[in-house]
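First comes the structure, then the notes that go with it.
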Amino acid sequence: MLRTRSVLLSSIRHKHGKTHWSQINKKQFTKDRALDNFDDFYGQVFGNRWKSIRVALLTEHKYMAMVNQFGDTEKTIASLVADGAINVRDIYNAKKQFLTDGNKDMFSDDKVFKLEQTIESFVENQQRQEVDRLYNNDAPEIMTRSPELNEEQPSVDYKKSLNQTLQDNTEMDFQRLIDPNLGTSALHEFVPATKLKGMEDFVLESEHYKYYSNNADFPINIEMDNHFEIPEYLNIFSYERGNVSDFRSPRSCSTGVLSHFLLDGASILPALALDVQPGDRVLDACAAPGGKSLLLLQTLRPGTLVCNDVQESRVNRIKKLMHSYFYDFGDSRKKERCFITQSDARDLQEYEMYDRILVDVPCTTDRHSLMENDNNIFKPSRVKERLRLPELQAGILANCLKLLRPGGTLVYSTCSLSPVQNDGVVHMALTNVFNDTGMTVTIKDLSLVMQPFSDTYKFAHSNTLKYGQLVLPFLPANFGPMYFCKLVRTN
């Protein structure tokens, strides 16, 4: 007689693969970390305006087309005009004439830096939270600002209001500004506490804010700049504000080079602000991938242009770009005018050799950080590198000022919204170079000469910046971000 045994059946839950939607939804990508960081910091810096900036940053940015002078120039221009593009020079000159005739000013020509309130309390609060998380609420007390400096401020909950219309955000929230008298500790971005390999067990990222001070320990001379031009041989085309049409891809010309180069429209401003004159010896200190160097060469003005970068791969990108837009680029006669070098810009030693220097430093590249996971500065493995960015930037800027001849011009730029990497680094570098060498610098205020671009770009209000100009991403004119500051060495 056969006896049957009862079998107990139990359900087994199998784990989903890494590519399953349930696993993907749980994963925080590097670009998500970047967005969280920007939401915390930029939400406080820009207030209500951050909502519209945020939407624009997460949307494909707008391009301009720079015509290659060494290709079929007239044919390329005709093609761009037929597609509805407009020469940026014509846009600038027409608006300039309108402002001159109507005597209309977008900015006051007696600019005053008046950031009356501060986000310093925000930084202190985040530092307290970091310590609490690390020590299970057994944290030592952190000094807070005195009550008279820590007045109650209305909070801005941007996350709850992201679904409001963009029309609500046309004005800057001046409740979230920075008081220069309280130091640049206000000019800092918060990132959660992170465990770093190779360093102490835990590092409070807010600690790196202590490197910045806004004390007036060097002579500050700021002059209004009244000169700006787009060289006659330089032809850059853009679609009008609100038109998001795509440019045609560059085509091969009869000379074998490409017809035009596409670049973020805000990228032209630092190179144009450099105001290169015929015969100038010019250095592009951090040149890769080479778009700004290409623009400088297209003006036909530099006597010599040195394109430098630190990594071999980046130097190779510059070489590849130049070969695509200049026939016989390896010809010895062309090599006499354009040199491509590989070096850390902090180690360059051609002191007082250059008439013009462009310093487009490595930065958090905000738009890339939000759109791409690859090569993203917000990767956990790159935390140490990101924390040291302002130090790196200030080191590059300070050394490049020494490479500038007295009376020469330097333009510092980033593609970041961070006040630390922008005005903060300029201040830090000027302090260091004055303490080391006694060098003094005049900062050129570009507010007035940027007015004719008011229909092309969305600028941050001049009173929210101490030294430079900042192009804000904005859906109808989705260029940038791009910060740039013009400096002239005086001794």
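As shown in the structure tokens, the chain order sets the letters A, B, ...; within each chain, residues go from 1, and ligands are also counted from 1 in the order they appear.
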
Can you check which residues of range 213-389 of chain A DSSP gives as strand (DSSP E or B) on the backbone and send them as number ranges by chain?
-> A: 221-224, 236-238, 252, 258, 260-264, 281-284, 304-309, 338-342, 354-360

Per-residue nearest contacts of range 279-363 of chain A to range 474-483 of chain A (12 Å; only C-alpha atoms) as JSON lines:
```
{"residue": "A:Val359", "atom": "CA", "partner": "A:Tyr483", "partner_atom": "CA", "distance": 11.5}
{"residue": "A:Asp360", "atom": "CA", "partner": "A:Tyr483", "partner_atom": "CA", "distance": 9.6}
{"residue": "A:Val361", "atom": "CA", "partner": "A:Tyr483", "partner_atom": "CA", "distance": 10.8}
{"residue": "A:Cys363", "atom": "CA", "partner": "A:Tyr483", "partner_atom": "CA", "distance": 11.0}
```

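Here the question is which of A:His260, A:Lys444, A:Lys96, A:Arg33 gets nearest to Lys75 in chain A using only C-alpha atoms, and that residue is A:His260.
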
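With only C-alpha atoms taken into account, the protein and nucleic acid residues at most 10 Å from Thr255 in chain A (excluding it and anything under 3 positions from it in its own chain) are Phe70, Gly71, Asp72, Ser252, Leu258, Ser259, Tyr325, Phe326, Tyr327 and Asp328 of chain A.
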
List every residue of range 445-476 of chain A that DSSP, applied to the backbone of this structure, assigns to helix (DSSP H, G or I), and report them as a count of residues only.
-> 8
